[in-house]
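Data from protein-v6.txt: compact mmCIF, N, CA and C atoms
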# COMPACT_ATOMS: atom_id res chain seq x y z
N GLN A 1 -26.57 -0.71 -38.78
CA GLN A 1 -27.91 -0.15 -38.86
C GLN A 1 -28.14 0.81 -37.70
N VAL A 2 -28.73 1.97 -38.00
CA VAL A 2 -29.02 2.98 -37.00
C VAL A 2 -30.51 3.30 -37.08
N GLN A 3 -31.18 3.24 -35.98
CA GLN A 3 -32.58 3.65 -35.92
C GLN A 3 -32.68 4.98 -35.21
N LEU A 4 -33.46 5.89 -35.79
CA LEU A 4 -33.59 7.25 -35.27
C LEU A 4 -35.05 7.55 -35.00
N VAL A 5 -35.31 8.15 -33.85
CA VAL A 5 -36.68 8.50 -33.47
C VAL A 5 -36.69 9.95 -32.99
N GLU A 6 -37.47 10.79 -33.70
CA GLU A 6 -37.57 12.20 -33.34
C GLU A 6 -38.74 12.44 -32.40
N SER A 7 -38.64 13.53 -31.65
CA SER A 7 -39.76 13.99 -30.81
C SER A 7 -39.62 15.48 -30.61
N GLY A 8 -40.72 16.11 -30.18
CA GLY A 8 -40.66 17.51 -29.81
C GLY A 8 -41.27 18.50 -30.76
N GLY A 9 -41.81 18.04 -31.88
CA GLY A 9 -42.45 18.98 -32.79
C GLY A 9 -43.75 19.51 -32.22
N GLY A 10 -44.35 20.45 -32.96
CA GLY A 10 -45.63 20.99 -32.51
C GLY A 10 -45.94 22.30 -33.17
N LEU A 11 -46.92 22.99 -32.59
CA LEU A 11 -47.39 24.28 -33.09
C LEU A 11 -46.91 25.37 -32.15
N VAL A 12 -46.33 26.42 -32.73
CA VAL A 12 -45.83 27.53 -31.94
C VAL A 12 -46.07 28.83 -32.69
N GLN A 13 -46.22 29.91 -31.96
CA GLN A 13 -46.40 31.21 -32.59
C GLN A 13 -45.07 31.78 -33.05
N GLU A 14 -45.14 32.64 -34.02
CA GLU A 14 -43.93 33.31 -34.52
C GLU A 14 -43.18 33.96 -33.36
N GLY A 15 -41.86 33.77 -33.36
CA GLY A 15 -41.04 34.29 -32.29
C GLY A 15 -40.84 33.33 -31.13
N GLY A 16 -41.57 32.23 -31.16
CA GLY A 16 -41.48 31.26 -30.08
C GLY A 16 -40.33 30.28 -30.27
N SER A 17 -40.27 29.30 -29.39
CA SER A 17 -39.18 28.33 -29.40
C SER A 17 -39.73 26.91 -29.32
N LEU A 18 -38.95 25.99 -29.89
CA LEU A 18 -39.22 24.57 -29.78
C LEU A 18 -37.88 23.86 -29.68
N ARG A 19 -37.91 22.70 -29.05
CA ARG A 19 -36.71 21.87 -28.97
C ARG A 19 -37.04 20.49 -29.51
N LEU A 20 -36.33 20.09 -30.54
CA LEU A 20 -36.49 18.76 -31.11
C LEU A 20 -35.41 17.85 -30.55
N SER A 21 -35.77 16.59 -30.38
CA SER A 21 -34.81 15.63 -29.89
C SER A 21 -34.85 14.38 -30.77
N CYS A 22 -33.70 13.76 -30.95
CA CYS A 22 -33.59 12.56 -31.76
C CYS A 22 -32.78 11.53 -30.97
N SER A 23 -33.36 10.37 -30.81
CA SER A 23 -32.69 9.29 -30.11
C SER A 23 -32.17 8.27 -31.12
N ALA A 24 -30.91 7.90 -30.99
CA ALA A 24 -30.28 6.97 -31.94
C ALA A 24 -29.95 5.65 -31.27
N SER A 25 -30.30 4.56 -31.96
CA SER A 25 -29.99 3.25 -31.42
C SER A 25 -28.81 2.67 -32.17
N THR A 26 -27.63 2.88 -31.63
CA THR A 26 -26.41 2.33 -32.19
C THR A 26 -25.35 2.29 -31.09
N ARG A 27 -24.52 1.27 -31.13
CA ARG A 27 -23.44 1.17 -30.15
C ARG A 27 -22.26 2.05 -30.52
N SER A 28 -22.29 2.57 -31.76
CA SER A 28 -21.16 3.37 -32.25
C SER A 28 -21.57 4.81 -32.49
N PHE A 29 -22.39 5.35 -31.60
CA PHE A 29 -22.96 6.68 -31.78
C PHE A 29 -21.89 7.73 -32.05
N SER A 30 -20.75 7.63 -31.38
CA SER A 30 -19.70 8.64 -31.49
C SER A 30 -19.05 8.66 -32.87
N LEU A 31 -19.26 7.62 -33.66
CA LEU A 31 -18.64 7.54 -34.98
C LEU A 31 -19.52 8.15 -36.08
N TYR A 32 -20.69 8.62 -35.72
CA TYR A 32 -21.62 9.13 -36.70
C TYR A 32 -21.76 10.63 -36.63
N THR A 33 -21.94 11.24 -37.78
CA THR A 33 -22.39 12.63 -37.87
C THR A 33 -23.91 12.61 -37.87
N LEU A 34 -24.50 13.45 -37.05
CA LEU A 34 -25.95 13.57 -36.97
C LEU A 34 -26.38 14.90 -37.57
N ALA A 35 -27.52 14.90 -38.23
CA ALA A 35 -27.99 16.12 -38.87
C ALA A 35 -29.51 16.24 -38.75
N TRP A 36 -29.97 17.47 -38.87
CA TRP A 36 -31.40 17.76 -38.97
C TRP A 36 -31.66 18.31 -40.37
N PHE A 37 -32.65 17.74 -41.02
CA PHE A 37 -33.14 18.22 -42.30
C PHE A 37 -34.58 18.67 -42.12
N ARG A 38 -35.09 19.41 -43.08
CA ARG A 38 -36.51 19.76 -43.07
C ARG A 38 -37.04 19.79 -44.49
N GLN A 39 -38.34 19.55 -44.59
CA GLN A 39 -39.00 19.61 -45.88
C GLN A 39 -40.36 20.25 -45.72
N ALA A 40 -40.52 21.39 -46.40
CA ALA A 40 -41.80 22.09 -46.41
C ALA A 40 -42.60 21.65 -47.64
N PRO A 41 -43.92 21.77 -47.59
CA PRO A 41 -44.75 21.37 -48.74
C PRO A 41 -44.31 22.04 -50.02
N GLY A 42 -44.07 21.24 -51.05
CA GLY A 42 -43.68 21.78 -52.35
C GLY A 42 -42.20 22.08 -52.48
N ASN A 43 -41.46 21.88 -51.39
CA ASN A 43 -40.02 22.16 -51.41
C ASN A 43 -39.21 20.87 -51.30
N GLU A 44 -37.96 20.96 -51.72
CA GLU A 44 -37.06 19.83 -51.54
C GLU A 44 -36.58 19.77 -50.09
N ARG A 45 -36.15 18.58 -49.69
CA ARG A 45 -35.60 18.44 -48.36
C ARG A 45 -34.27 19.20 -48.30
N GLU A 46 -34.06 19.93 -47.23
CA GLU A 46 -32.85 20.73 -47.08
C GLU A 46 -32.22 20.48 -45.72
N ILE A 47 -30.92 20.58 -45.67
CA ILE A 47 -30.23 20.41 -44.40
C ILE A 47 -30.38 21.68 -43.58
N VAL A 48 -30.57 21.50 -42.28
CA VAL A 48 -30.72 22.61 -41.35
C VAL A 48 -29.46 22.78 -40.51
N ALA A 49 -29.00 21.68 -39.94
CA ALA A 49 -27.82 21.72 -39.08
C ALA A 49 -27.24 20.32 -38.98
N ALA A 50 -25.94 20.27 -38.66
CA ALA A 50 -25.27 18.99 -38.50
C ALA A 50 -24.23 19.12 -37.41
N ILE A 51 -23.92 17.97 -36.78
CA ILE A 51 -22.94 17.99 -35.70
C ILE A 51 -22.17 16.68 -35.68
N TYR A 52 -20.85 16.81 -35.54
CA TYR A 52 -20.02 15.63 -35.29
C TYR A 52 -19.54 15.69 -33.84
N THR A 53 -18.85 16.78 -33.53
CA THR A 53 -18.50 17.06 -32.15
C THR A 53 -18.95 18.48 -31.83
N ALA A 54 -18.80 18.91 -30.60
CA ALA A 54 -19.24 20.25 -30.21
C ALA A 54 -18.51 21.33 -31.00
N SER A 55 -17.31 21.02 -31.45
CA SER A 55 -16.54 22.00 -32.20
C SER A 55 -16.65 21.79 -33.70
N SER A 56 -17.46 20.85 -34.10
CA SER A 56 -17.64 20.55 -35.51
C SER A 56 -19.13 20.55 -35.83
N THR A 57 -19.63 21.75 -36.14
CA THR A 57 -21.05 21.89 -36.44
C THR A 57 -21.24 22.65 -37.74
N PHE A 58 -22.41 22.51 -38.30
CA PHE A 58 -22.79 23.22 -39.52
C PHE A 58 -24.21 23.74 -39.36
N TYR A 59 -24.45 24.94 -39.86
CA TYR A 59 -25.79 25.52 -39.86
C TYR A 59 -26.08 26.10 -41.24
N ALA A 60 -27.27 25.87 -41.72
CA ALA A 60 -27.71 26.52 -42.95
C ALA A 60 -27.91 28.00 -42.68
N ASP A 61 -27.69 28.81 -43.67
CA ASP A 61 -27.77 30.27 -43.49
C ASP A 61 -29.10 30.74 -42.90
N PRO A 62 -30.24 30.20 -43.33
CA PRO A 62 -31.52 30.71 -42.80
C PRO A 62 -31.71 30.52 -41.29
N VAL A 63 -30.93 29.63 -40.68
CA VAL A 63 -31.16 29.35 -39.26
C VAL A 63 -30.00 29.80 -38.37
N LYS A 64 -28.95 30.29 -38.97
CA LYS A 64 -27.79 30.72 -38.18
C LYS A 64 -28.21 31.80 -37.18
N GLY A 65 -27.75 31.62 -35.95
CA GLY A 65 -28.07 32.58 -34.90
C GLY A 65 -29.40 32.32 -34.21
N ARG A 66 -30.21 31.40 -34.77
CA ARG A 66 -31.52 31.10 -34.17
C ARG A 66 -31.60 29.65 -33.69
N PHE A 67 -30.94 28.75 -34.39
CA PHE A 67 -30.98 27.33 -34.05
C PHE A 67 -29.64 26.90 -33.48
N THR A 68 -29.69 25.94 -32.56
CA THR A 68 -28.47 25.36 -31.98
C THR A 68 -28.61 23.85 -31.95
N VAL A 69 -27.61 23.17 -32.51
CA VAL A 69 -27.60 21.71 -32.50
C VAL A 69 -26.62 21.23 -31.44
N SER A 70 -26.99 20.18 -30.74
CA SER A 70 -26.13 19.62 -29.70
C SER A 70 -26.35 18.12 -29.64
N ARG A 71 -25.37 17.42 -29.07
CA ARG A 71 -25.53 15.97 -28.94
C ARG A 71 -25.02 15.53 -27.58
N ASP A 72 -25.61 14.48 -27.08
CA ASP A 72 -25.24 13.90 -25.80
C ASP A 72 -24.73 12.48 -26.07
N PHE A 73 -23.41 12.30 -25.94
CA PHE A 73 -22.82 11.01 -26.27
C PHE A 73 -23.21 9.92 -25.27
N ALA A 74 -23.52 10.31 -24.06
CA ALA A 74 -23.92 9.33 -23.04
C ALA A 74 -25.34 8.83 -23.28
N LYS A 75 -26.20 9.70 -23.81
CA LYS A 75 -27.60 9.34 -24.02
C LYS A 75 -27.92 8.95 -25.45
N ASN A 76 -26.94 9.09 -26.35
CA ASN A 76 -27.17 8.80 -27.77
C ASN A 76 -28.29 9.68 -28.35
N THR A 77 -28.26 10.94 -28.02
CA THR A 77 -29.28 11.85 -28.52
C THR A 77 -28.66 13.07 -29.20
N VAL A 78 -29.41 13.64 -30.10
CA VAL A 78 -29.04 14.91 -30.72
C VAL A 78 -30.27 15.81 -30.68
N ASP A 79 -30.07 17.04 -30.25
CA ASP A 79 -31.16 17.99 -30.08
C ASP A 79 -31.01 19.16 -31.03
N LEU A 80 -32.12 19.79 -31.33
CA LEU A 80 -32.12 21.01 -32.11
C LEU A 80 -32.98 22.03 -31.37
N GLN A 81 -32.32 23.01 -30.79
CA GLN A 81 -33.02 24.11 -30.11
C GLN A 81 -33.32 25.18 -31.14
N MET A 82 -34.59 25.48 -31.30
CA MET A 82 -35.02 26.45 -32.31
C MET A 82 -35.65 27.65 -31.62
N ASN A 83 -35.04 28.80 -31.77
CA ASN A 83 -35.51 30.03 -31.16
C ASN A 83 -35.93 31.02 -32.24
N ASN A 84 -36.72 32.00 -31.84
CA ASN A 84 -37.17 33.04 -32.76
C ASN A 84 -37.72 32.43 -34.04
N LEU A 85 -38.62 31.49 -33.89
CA LEU A 85 -39.15 30.76 -35.04
C LEU A 85 -39.98 31.67 -35.94
N LYS A 86 -39.91 31.38 -37.22
CA LYS A 86 -40.61 32.15 -38.24
C LYS A 86 -41.55 31.23 -39.01
N PRO A 87 -42.59 31.78 -39.62
CA PRO A 87 -43.51 30.93 -40.39
C PRO A 87 -42.79 30.11 -41.46
N GLU A 88 -41.73 30.64 -42.01
CA GLU A 88 -40.99 29.91 -43.05
C GLU A 88 -40.20 28.72 -42.49
N ASP A 89 -40.17 28.58 -41.18
CA ASP A 89 -39.55 27.39 -40.56
C ASP A 89 -40.52 26.21 -40.52
N THR A 90 -41.77 26.46 -40.89
CA THR A 90 -42.76 25.39 -40.89
C THR A 90 -42.36 24.29 -41.87
N ALA A 91 -42.28 23.08 -41.37
CA ALA A 91 -41.84 21.94 -42.19
C ALA A 91 -41.89 20.67 -41.35
N ILE A 92 -41.68 19.56 -42.02
CA ILE A 92 -41.41 18.32 -41.30
C ILE A 92 -39.90 18.25 -41.10
N TYR A 93 -39.49 18.03 -39.87
CA TYR A 93 -38.08 17.99 -39.53
C TYR A 93 -37.65 16.52 -39.33
N TYR A 94 -36.54 16.18 -39.96
CA TYR A 94 -36.02 14.83 -39.93
C TYR A 94 -34.63 14.78 -39.31
N CYS A 95 -34.42 13.77 -38.51
CA CYS A 95 -33.09 13.48 -37.99
C CYS A 95 -32.44 12.48 -38.94
N ALA A 96 -31.14 12.66 -39.19
CA ALA A 96 -30.44 11.76 -40.10
C ALA A 96 -29.04 11.48 -39.56
N ALA A 97 -28.47 10.34 -39.98
CA ALA A 97 -27.14 9.96 -39.52
C ALA A 97 -26.32 9.38 -40.66
N LYS A 98 -25.02 9.63 -40.60
CA LYS A 98 -24.10 9.02 -41.55
C LYS A 98 -22.80 8.71 -40.82
N PHE A 99 -22.13 7.66 -41.26
CA PHE A 99 -20.84 7.32 -40.69
C PHE A 99 -19.85 8.41 -41.07
N ARG A 100 -18.98 8.77 -40.13
CA ARG A 100 -18.05 9.88 -40.36
C ARG A 100 -17.24 9.64 -41.63
N GLY A 101 -17.09 10.71 -42.40
CA GLY A 101 -16.34 10.63 -43.64
C GLY A 101 -17.19 10.32 -44.85
N ASN A 102 -18.38 9.77 -44.62
CA ASN A 102 -19.26 9.49 -45.75
C ASN A 102 -19.98 10.76 -46.19
N GLN A 103 -20.45 10.76 -47.43
CA GLN A 103 -21.12 11.94 -47.95
C GLN A 103 -22.62 11.89 -47.73
N ASP A 104 -23.20 10.72 -47.96
CA ASP A 104 -24.66 10.61 -47.90
C ASP A 104 -25.13 10.20 -46.51
N TYR A 105 -26.39 10.54 -46.24
CA TYR A 105 -27.04 10.16 -45.00
C TYR A 105 -27.99 8.99 -45.29
N PRO A 106 -27.60 7.78 -44.92
CA PRO A 106 -28.45 6.62 -45.21
C PRO A 106 -29.51 6.32 -44.16
N TYR A 107 -29.39 6.91 -42.99
CA TYR A 107 -30.30 6.60 -41.89
C TYR A 107 -31.16 7.82 -41.58
N TRP A 108 -32.48 7.58 -41.50
CA TRP A 108 -33.43 8.67 -41.31
C TRP A 108 -34.49 8.30 -40.27
N GLY A 109 -34.93 9.33 -39.54
CA GLY A 109 -36.07 9.14 -38.67
C GLY A 109 -37.36 9.33 -39.43
N GLN A 110 -38.47 9.20 -38.72
CA GLN A 110 -39.78 9.27 -39.37
C GLN A 110 -40.25 10.72 -39.58
N GLY A 111 -39.62 11.66 -38.93
CA GLY A 111 -39.97 13.06 -39.08
C GLY A 111 -40.94 13.54 -38.01
N THR A 112 -40.87 14.82 -37.72
CA THR A 112 -41.78 15.45 -36.77
C THR A 112 -42.19 16.81 -37.32
N GLN A 113 -43.48 17.11 -37.21
CA GLN A 113 -44.02 18.34 -37.79
C GLN A 113 -43.77 19.53 -36.88
N VAL A 114 -43.27 20.60 -37.48
CA VAL A 114 -43.14 21.89 -36.80
C VAL A 114 -43.96 22.90 -37.58
N THR A 115 -44.88 23.56 -36.90
CA THR A 115 -45.73 24.56 -37.52
C THR A 115 -45.60 25.85 -36.76
N VAL A 116 -45.27 26.93 -37.47
CA VAL A 116 -45.11 28.24 -36.87
C VAL A 116 -46.19 29.15 -37.42
N SER A 117 -47.04 29.64 -36.55
CA SER A 117 -48.14 30.51 -36.99
C SER A 117 -47.75 31.97 -36.85
N SER A 118 -48.28 32.79 -37.76
CA SER A 118 -47.95 34.22 -37.73
C SER A 118 -49.00 35.00 -36.97
Translate the structure of the given file into structure tokens.
Amino acid sequence: QVQLVESGGGLVQEGGSLRLSCSASTRSFSLYTLAWFRQAPGNEREIVAAIYTASSTFYADPVKGRFTVSRDFAKNTVDLQMNNLKPEDTAIYYCAAKFRGNQDYPYWGQGTQVTVSS
């Protein structure tokens, strides 16, 4: 069982930056792939970025070059640095985890709201 708690959401103007953080409670943190998803009103939940190791990351096309995902194995945290934010980035952002090699993400945080005003 993995418990995930997000923090760092808020309201920011277009072009601004926010940093989301997710803390994971598991003794086997290094064995999990961590990801950030988002869901805007009326839209399906979509993956934003994922990380297994520093050299094993994934970014969705809409955020490439603007968002950076990182993880701290000593602190059991995964962060999402979001720069040059756009109104279309407005959504609830969720942290998720899956055991390496698995396809689905069974563990989810409660979500944190990110709102970008134009």
Among chain A, which ones does DSSP place in strand (DSSP E or B), written as number ranges by chain? A: 3-7, 10-13, 18-25, 32-39, 46-53, 56-59, 67-72, 77-82, 91-99, 107-108, 112-117
When DSSP is applied to the backbone of this structure, which of chain A are assigned helix (DSSP H, G or I)? Write them out as a ChimeraX atom specification. /A:29-31,61-63,87-89
Which residues are close to Ala49 (chain A), i.e. within 6 Å by only C-alpha atoms, leaving aside same-chain residues fewer than 6 positions away? Reply as a PyMOL selection string. chain A and resi 35-36+58-59
Could you give me, as a PyMOL selection string, the residues within 8 Å of region 5-21 of chain A, counting all atoms listed in the file and dropping anything in the same chain fewer than 6 positions from it? chain A and resi 77-87+93-95+108-118
Mind dumping the selected residues with N, CA and C atoms as a compact mmCIF listing (two decimals), keeping the file's coordinate frame?
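Result file is result_37.txt:
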# COMPACT_ATOMS: atom_id res chain seq x y z
N THR A 77 -28.26 10.94 -28.02
CA THR A 77 -29.28 11.85 -28.52
C THR A 77 -28.66 13.07 -29.20
N VAL A 78 -29.41 13.64 -30.10
CA VAL A 78 -29.04 14.91 -30.72
C VAL A 78 -30.27 15.81 -30.68
N ASP A 79 -30.07 17.04 -30.25
CA ASP A 79 -31.16 17.99 -30.08
C ASP A 79 -31.01 19.16 -31.03
N LEU A 80 -32.12 19.79 -31.33
CA LEU A 80 -32.12 21.01 -32.11
C LEU A 80 -32.98 22.03 -31.37
N GLN A 81 -32.32 23.01 -30.79
CA GLN A 81 -33.02 24.11 -30.11
C GLN A 81 -33.32 25.18 -31.14
N MET A 82 -34.59 25.48 -31.30
CA MET A 82 -35.02 26.45 -32.31
C MET A 82 -35.65 27.65 -31.62
N ASN A 83 -35.04 28.80 -31.77
CA ASN A 83 -35.51 30.03 -31.16
C ASN A 83 -35.93 31.02 -32.24
N ASN A 84 -36.72 32.00 -31.84
CA ASN A 84 -37.17 33.04 -32.76
C ASN A 84 -37.72 32.43 -34.04
N LEU A 85 -38.62 31.49 -33.89
CA LEU A 85 -39.15 30.76 -35.04
C LEU A 85 -39.98 31.67 -35.94
N LYS A 86 -39.91 31.38 -37.22
CA LYS A 86 -40.61 32.15 -38.24
C LYS A 86 -41.55 31.23 -39.01
N PRO A 87 -42.59 31.78 -39.62
CA PRO A 87 -43.51 30.93 -40.39
C PRO A 87 -42.79 30.11 -41.46
N TYR A 93 -39.49 18.03 -39.87
CA TYR A 93 -38.08 17.99 -39.53
C TYR A 93 -37.65 16.52 -39.33
N TYR A 94 -36.54 16.18 -39.96
CA TYR A 94 -36.02 14.83 -39.93
C TYR A 94 -34.63 14.78 -39.31
N CYS A 95 -34.42 13.77 -38.51
CA CYS A 95 -33.09 13.48 -37.99
C CYS A 95 -32.44 12.48 -38.94
N TRP A 108 -32.48 7.58 -41.50
CA TRP A 108 -33.43 8.67 -41.31
C TRP A 108 -34.49 8.30 -40.27
N GLY A 109 -34.93 9.33 -39.54
CA GLY A 109 -36.07 9.14 -38.67
C GLY A 109 -37.36 9.33 -39.43
N GLN A 110 -38.47 9.20 -38.72
CA GLN A 110 -39.78 9.27 -39.37
C GLN A 110 -40.25 10.72 -39.58
N GLY A 111 -39.62 11.66 -38.93
CA GLY A 111 -39.97 13.06 -39.08
C GLY A 111 -40.94 13.54 -38.01
N THR A 112 -40.87 14.82 -37.72
CA THR A 112 -41.78 15.45 -36.77
C THR A 112 -42.19 16.81 -37.32
N GLN A 113 -43.48 17.11 -37.21
CA GLN A 113 -44.02 18.34 -37.79
C GLN A 113 -43.77 19.53 -36.88
N VAL A 114 -43.27 20.60 -37.48
CA VAL A 114 -43.14 21.89 -36.80
C VAL A 114 -43.96 22.90 -37.58
N THR A 115 -44.88 23.56 -36.90
CA THR A 115 -45.73 24.56 -37.52
C THR A 115 -45.60 25.85 -36.76
N VAL A 116 -45.27 26.93 -37.47
CA VAL A 116 -45.11 28.24 -36.87
C VAL A 116 -46.19 29.15 -37.42
N SER A 117 -47.04 29.64 -36.55
CA SER A 117 -48.14 30.51 -36.99
C SER A 117 -47.75 31.97 -36.85
N SER A 118 -48.28 32.79 -37.76
CA SER A 118 -47.95 34.22 -37.73
C SER A 118 -49.00 35.00 -36.97
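Between atom C of Ser56 (chain A) and CA of Ala40 (chain A) the interatomic distance comes to 25.1 Å.
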Report, in Å with one decimal, the straight-line distance from atom C of Glu88 (chain A) to atom N of Pro62 (chain A). 10.1 Å
